[in-house]
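Chemist: I am attaching a structure below and will ask some questions about it afterwards.
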Amino acid sequence: MSDLLLRNIRLACGTPADIRIEGGRIAAIGAGLDGPGPEAGAPHADGGGAIALPGLVEAHTHLDKTLWGMDWYPARGGGELQDLIDNERVSRVPLGLDVHRQSMRHALRLVGAGTSLIRSHVDIDTDHGLSLFEGLAQTRAALADQVEIEIVAFPQSGLLVRPGTVALMEDALAAGADVVGGLDPCSMDRDPKGHLDAIFAMAERFGKPVDIHLHEPGEMGAFSLELILERTRALGMAGRT
């Protein structure tokens, strides 16, 4: 409904109010609002005193990995993080994991629960090229009128240890990925300077924010964090990292 007068709701602070929606956007919030009458074709609705909240934000998910609605998969392997990553990468094809189909299933569940923004990482690696990104981009386009999906180009299997991944990341960003992803620059790539230089260079070149998964513990993680902060300050990327 592009026009709606929603009466008798409560704001998050508990204050009673009405909400007038015009052209699909909130035009006014307040007590005793006027709106077009039912005879004008714009419906009224009674919120019954329910609390009206802003759309929910799913700030970290992996829509390209969900097995929702597929046959039961008993295990994803165990052991170290690298074992889990390798298992995920090689299991996609035998499992028949179609990214567009599966990301649609997951995203629609999120929308049904009130989500209006999803940030999803999608794996970029030399086994699958851009196929996983393309499947998620198809979902983003299909649901554009229902939810905003931000796509993070994510080098989960490594950036520098798998030659060709940097070029694939650049291709994904050029094709519409919204965010530059990174992962454990010390423990994954064994080259924290090279890893972070590559990521922040892409961010600067394409004008994109950065989202890095950092699992590294203790002093190693603190060292990586110092390098990330150093580059964030140098490039003026506060609030975008």
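Ligands are numbered from 1 in the order shown, chains are lettered A, B, ... in the order of the structure tokens, and residues start at 1 in each chain.
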Running DSSP on the backbone, which parts of chain A land in helix (DSSP H, G or I), as a VMD selection string?

Modeler: chain A and resid 38 to 40 81 to 95 99 to 112 131 to 142 165 to 174 192 to 206 218 to 234

Chemist: Dump C-alpha atoms for the selected residues as a tab-separated table (two decimals), in the first residue's frame?

Modeler:
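Full text of result05.tsv as output:
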chain	number	residue	atom	x	y	z
A	38	PRO	CA	-11.41	5.76	2.76
A	39	GLU	CA	-13.54	7.20	-0.04
A	40	ALA	CA	-10.33	8.52	-1.62
A	81	LEU	CA	38.67	-22.62	10.91
A	82	GLN	CA	40.59	-23.55	7.75
A	83	ASP	CA	38.98	-27.02	7.79
A	84	LEU	CA	35.51	-25.45	7.95
A	85	ILE	CA	36.31	-23.01	5.14
A	86	ASP	CA	37.70	-25.75	2.88
A	87	ASN	CA	34.70	-27.97	3.57
A	88	GLU	CA	32.24	-25.20	2.70
A	89	ARG	CA	34.03	-24.40	-0.53
A	90	VAL	CA	34.21	-27.96	-1.86
A	91	SER	CA	30.74	-29.03	-0.66
A	92	ARG	CA	28.72	-26.49	-2.67
A	93	VAL	CA	28.62	-28.44	-5.93
A	94	PRO	CA	27.82	-31.93	-4.57
A	95	LEU	CA	25.14	-30.39	-2.34
A	99	VAL	CA	22.81	-19.36	-4.43
A	100	HIS	CA	19.88	-17.51	-5.99
A	101	ARG	CA	17.34	-20.08	-4.84
A	102	GLN	CA	18.76	-20.39	-1.35
A	103	SER	CA	19.36	-16.69	-0.77
A	104	MET	CA	15.76	-15.99	-1.83
A	105	ARG	CA	14.52	-18.49	0.74
A	106	HIS	CA	16.59	-16.95	3.51
A	107	ALA	CA	15.99	-13.31	2.57
A	108	LEU	CA	12.22	-13.75	2.39
A	109	ARG	CA	12.25	-15.20	5.90
A	110	LEU	CA	14.12	-12.14	7.10
A	111	VAL	CA	11.71	-9.79	5.33
A	112	GLY	CA	8.78	-11.64	6.90
A	131	SER	CA	29.05	-17.26	-9.76
A	132	LEU	CA	28.11	-16.95	-6.07
A	133	PHE	CA	28.05	-13.15	-6.28
A	134	GLU	CA	25.93	-13.32	-9.42
A	135	GLY	CA	23.37	-15.55	-7.70
A	136	LEU	CA	23.07	-13.16	-4.77
A	137	ALA	CA	22.93	-10.13	-7.07
A	138	GLN	CA	19.97	-11.78	-8.80
A	139	THR	CA	18.21	-12.05	-5.44
A	140	ARG	CA	19.05	-8.44	-4.61
A	141	ALA	CA	17.41	-7.29	-7.84
A	142	ALA	CA	14.36	-9.52	-7.38
A	165	THR	CA	41.42	-13.69	-5.99
A	166	VAL	CA	42.31	-9.99	-5.92
A	167	ALA	CA	41.32	-9.66	-9.59
A	168	LEU	CA	38.04	-11.49	-8.90
A	169	MET	CA	37.33	-9.15	-5.97
A	170	GLU	CA	37.88	-6.17	-8.25
A	171	ASP	CA	35.55	-7.70	-10.84
A	172	ALA	CA	32.85	-8.19	-8.18
A	173	LEU	CA	33.17	-4.58	-7.02
A	174	ALA	CA	33.00	-3.33	-10.60
A	192	PRO	CA	48.98	-8.80	7.01
A	193	LYS	CA	50.53	-5.81	5.25
A	194	GLY	CA	49.88	-7.22	1.78
A	195	HIS	CA	46.36	-8.36	2.66
A	196	LEU	CA	45.29	-5.04	4.15
A	197	ASP	CA	47.06	-2.95	1.52
A	198	ALA	CA	45.10	-4.81	-1.17
A	199	ILE	CA	41.77	-4.45	0.62
A	200	PHE	CA	42.12	-0.75	1.39
A	201	ALA	CA	43.45	-0.04	-2.10
A	202	MET	CA	40.26	-1.57	-3.53
A	203	ALA	CA	38.16	0.42	-1.08
A	204	GLU	CA	39.86	3.64	-2.14
A	205	ARG	CA	39.71	2.85	-5.87
A	206	PHE	CA	36.02	1.89	-5.90
A	218	GLY	CA	45.38	-12.43	21.53
A	219	GLU	CA	48.39	-10.42	20.41
A	220	MET	CA	47.99	-11.52	16.79
A	221	GLY	CA	44.47	-10.10	16.63
A	222	ALA	CA	45.56	-6.92	18.41
A	223	PHE	CA	48.36	-6.48	15.86
A	224	SER	CA	45.93	-6.92	12.93
A	225	LEU	CA	43.54	-4.46	14.53
A	226	GLU	CA	46.32	-1.87	14.87
A	227	LEU	CA	47.09	-2.21	11.16
A	228	ILE	CA	43.39	-1.86	10.27
A	229	LEU	CA	43.05	1.27	12.42
A	230	GLU	CA	46.21	2.73	10.91
A	231	ARG	CA	44.83	2.42	7.37
A	232	THR	CA	41.38	3.61	8.42
A	233	ARG	CA	42.87	6.82	9.78
A	234	ALA	CA	45.22	7.33	6.83

Chemist: Just list as a PyMOL selection string whatever in range 56-219 of chain A DSSP marks as strand (DSSP E or B).

Modeler: chain A and resi 56-61+115-123+125+129+148-154+179-183+210-213

Chemist: Create the file for the chosen residues now, containing N, CA and C atoms and written as a compact mmCIF listing (two decimals), in the first residue's frame.

Modeler:
# COMPACT_ATOMS: atom_id res chain seq x y z
N LEU A 56 14.09 -3.82 10.86
CA LEU A 56 15.24 -4.46 11.48
C LEU A 56 16.41 -4.53 10.51
N VAL A 57 17.62 -4.58 11.05
CA VAL A 57 18.85 -4.67 10.25
C VAL A 57 19.55 -5.99 10.57
N GLU A 58 19.71 -6.82 9.54
CA GLU A 58 20.55 -8.02 9.65
C GLU A 58 21.93 -7.61 9.16
N ALA A 59 22.84 -7.31 10.11
CA ALA A 59 24.11 -6.67 9.77
C ALA A 59 25.19 -7.67 9.37
N HIS A 60 24.94 -8.95 9.55
CA HIS A 60 25.97 -9.95 9.22
C HIS A 60 25.32 -11.29 8.98
N THR A 61 25.24 -11.66 7.72
CA THR A 61 24.78 -13.00 7.37
C THR A 61 25.51 -13.44 6.11
N THR A 115 12.66 -7.35 8.58
CA THR A 115 13.98 -6.84 8.20
C THR A 115 13.87 -5.96 6.96
N SER A 116 14.52 -4.80 7.01
CA SER A 116 14.50 -3.89 5.86
C SER A 116 15.88 -3.68 5.25
N LEU A 117 16.94 -4.15 5.93
CA LEU A 117 18.31 -4.06 5.41
C LEU A 117 19.06 -5.32 5.78
N ILE A 118 19.69 -5.94 4.77
CA ILE A 118 20.51 -7.13 4.98
C ILE A 118 21.91 -6.83 4.45
N ARG A 119 22.92 -7.06 5.27
CA ARG A 119 24.30 -7.05 4.77
C ARG A 119 24.76 -8.50 4.72
N SER A 120 25.04 -8.97 3.53
CA SER A 120 25.44 -10.38 3.34
C SER A 120 26.80 -10.46 2.69
N HIS A 121 27.67 -11.26 3.30
CA HIS A 121 28.94 -11.60 2.67
C HIS A 121 28.67 -12.68 1.62
N VAL A 122 29.46 -12.66 0.56
CA VAL A 122 29.38 -13.70 -0.46
C VAL A 122 30.80 -14.08 -0.85
N ASP A 123 31.07 -15.38 -0.86
CA ASP A 123 32.44 -15.85 -1.11
C ASP A 123 32.89 -15.55 -2.53
N ASP A 125 36.10 -16.66 -4.69
CA ASP A 125 37.28 -17.52 -4.69
C ASP A 125 37.54 -18.07 -6.09
N GLY A 129 34.73 -18.44 -8.95
CA GLY A 129 34.72 -17.18 -9.68
C GLY A 129 33.70 -16.21 -9.11
N GLU A 148 16.54 -3.88 1.23
CA GLU A 148 17.84 -3.47 0.70
C GLU A 148 18.87 -4.52 1.09
N ILE A 149 19.59 -5.04 0.11
CA ILE A 149 20.63 -6.04 0.36
C ILE A 149 21.98 -5.44 -0.02
N GLU A 150 22.86 -5.34 0.96
CA GLU A 150 24.24 -4.93 0.72
C GLU A 150 25.09 -6.20 0.54
N ILE A 151 25.89 -6.24 -0.50
CA ILE A 151 26.71 -7.41 -0.78
C ILE A 151 28.17 -7.10 -0.47
N VAL A 152 28.77 -7.93 0.38
CA VAL A 152 30.19 -7.82 0.72
C VAL A 152 30.95 -8.86 -0.09
N ALA A 153 31.87 -8.41 -0.95
CA ALA A 153 32.74 -9.34 -1.67
C ALA A 153 33.76 -9.87 -0.66
N PHE A 154 33.70 -11.18 -0.40
CA PHE A 154 34.37 -11.76 0.77
C PHE A 154 35.35 -12.85 0.35
N VAL A 179 30.61 -3.65 -0.74
CA VAL A 179 31.57 -3.55 0.35
C VAL A 179 32.75 -4.46 0.05
N VAL A 180 33.97 -4.03 0.46
CA VAL A 180 35.17 -4.85 0.33
C VAL A 180 35.35 -5.67 1.60
N GLY A 181 35.38 -6.99 1.45
CA GLY A 181 35.55 -7.86 2.60
C GLY A 181 37.00 -8.28 2.78
N GLY A 182 37.32 -8.69 4.01
CA GLY A 182 38.64 -9.22 4.31
C GLY A 182 38.54 -10.26 5.40
N LEU A 183 39.65 -10.98 5.63
CA LEU A 183 39.60 -12.09 6.59
C LEU A 183 41.00 -12.35 7.16
N VAL A 210 34.69 -1.01 4.06
CA VAL A 210 35.43 -2.25 4.33
C VAL A 210 34.75 -3.00 5.47
N ASP A 211 34.68 -4.33 5.36
CA ASP A 211 34.10 -5.18 6.41
C ASP A 211 35.01 -6.41 6.55
N ILE A 212 35.76 -6.47 7.63
CA ILE A 212 36.76 -7.53 7.81
C ILE A 212 36.33 -8.48 8.94
N HIS A 213 36.35 -9.78 8.65
CA HIS A 213 36.17 -10.80 9.69
C HIS A 213 37.52 -11.01 10.38

Chemist: Skipping near chain neighbours, those fewer than 4 positions away, what residues fall within 12 Å of Ala31 in chain A using only C-alpha atoms, listed as a VMD selection string?

Modeler: chain A and resid 5 to 11 15 to 20

Chemist: Restricted to C-alpha atoms, what would the selected residues look like written as a PDB file, in the first residue's frame?

Modeler:
ATOM      1  CA  LEU A   5      -3.012   6.215   7.687  1.00  0.00           C
ATOM      2  CA  LEU A   6      -2.041   3.979  10.581  1.00  0.00           C
ATOM      3  CA  ARG A   7      -3.774   5.002  13.805  1.00  0.00           C
ATOM      4  CA  ASN A   8      -3.378   3.954  17.416  1.00  0.00           C
ATOM      5  CA  ILE A   9       0.203   2.769  17.530  1.00  0.00           C
ATOM      6  CA  ARG A  10       2.947   3.426  20.065  1.00  0.00           C
ATOM      7  CA  LEU A  11       6.438   4.647  19.345  1.00  0.00           C
ATOM      8  CA  THR A  15       4.115   7.509  23.228  1.00  0.00           C
ATOM      9  CA  PRO A  16       0.798   6.989  21.362  1.00  0.00           C
ATOM     10  CA  ALA A  17       0.837   8.267  17.773  1.00  0.00           C
ATOM     11  CA  ASP A  18      -0.453   7.922  14.230  1.00  0.00           C
ATOM     12  CA  ILE A  19       1.684   7.353  11.137  1.00  0.00           C
ATOM     13  CA  ARG A  20       0.762   8.760   7.731  1.00  0.00           C
TER      14      ARG A  20
END

Chemist: For Asp34 in chain A, which residue out of A:Pro54, A:Gly47, A:Ser157, A:Leu4 is the nearest one, using only C-alpha atoms?

Modeler: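 Ranked by minimum distance to Asp34 in chain A, first place goes to A:Leu4.
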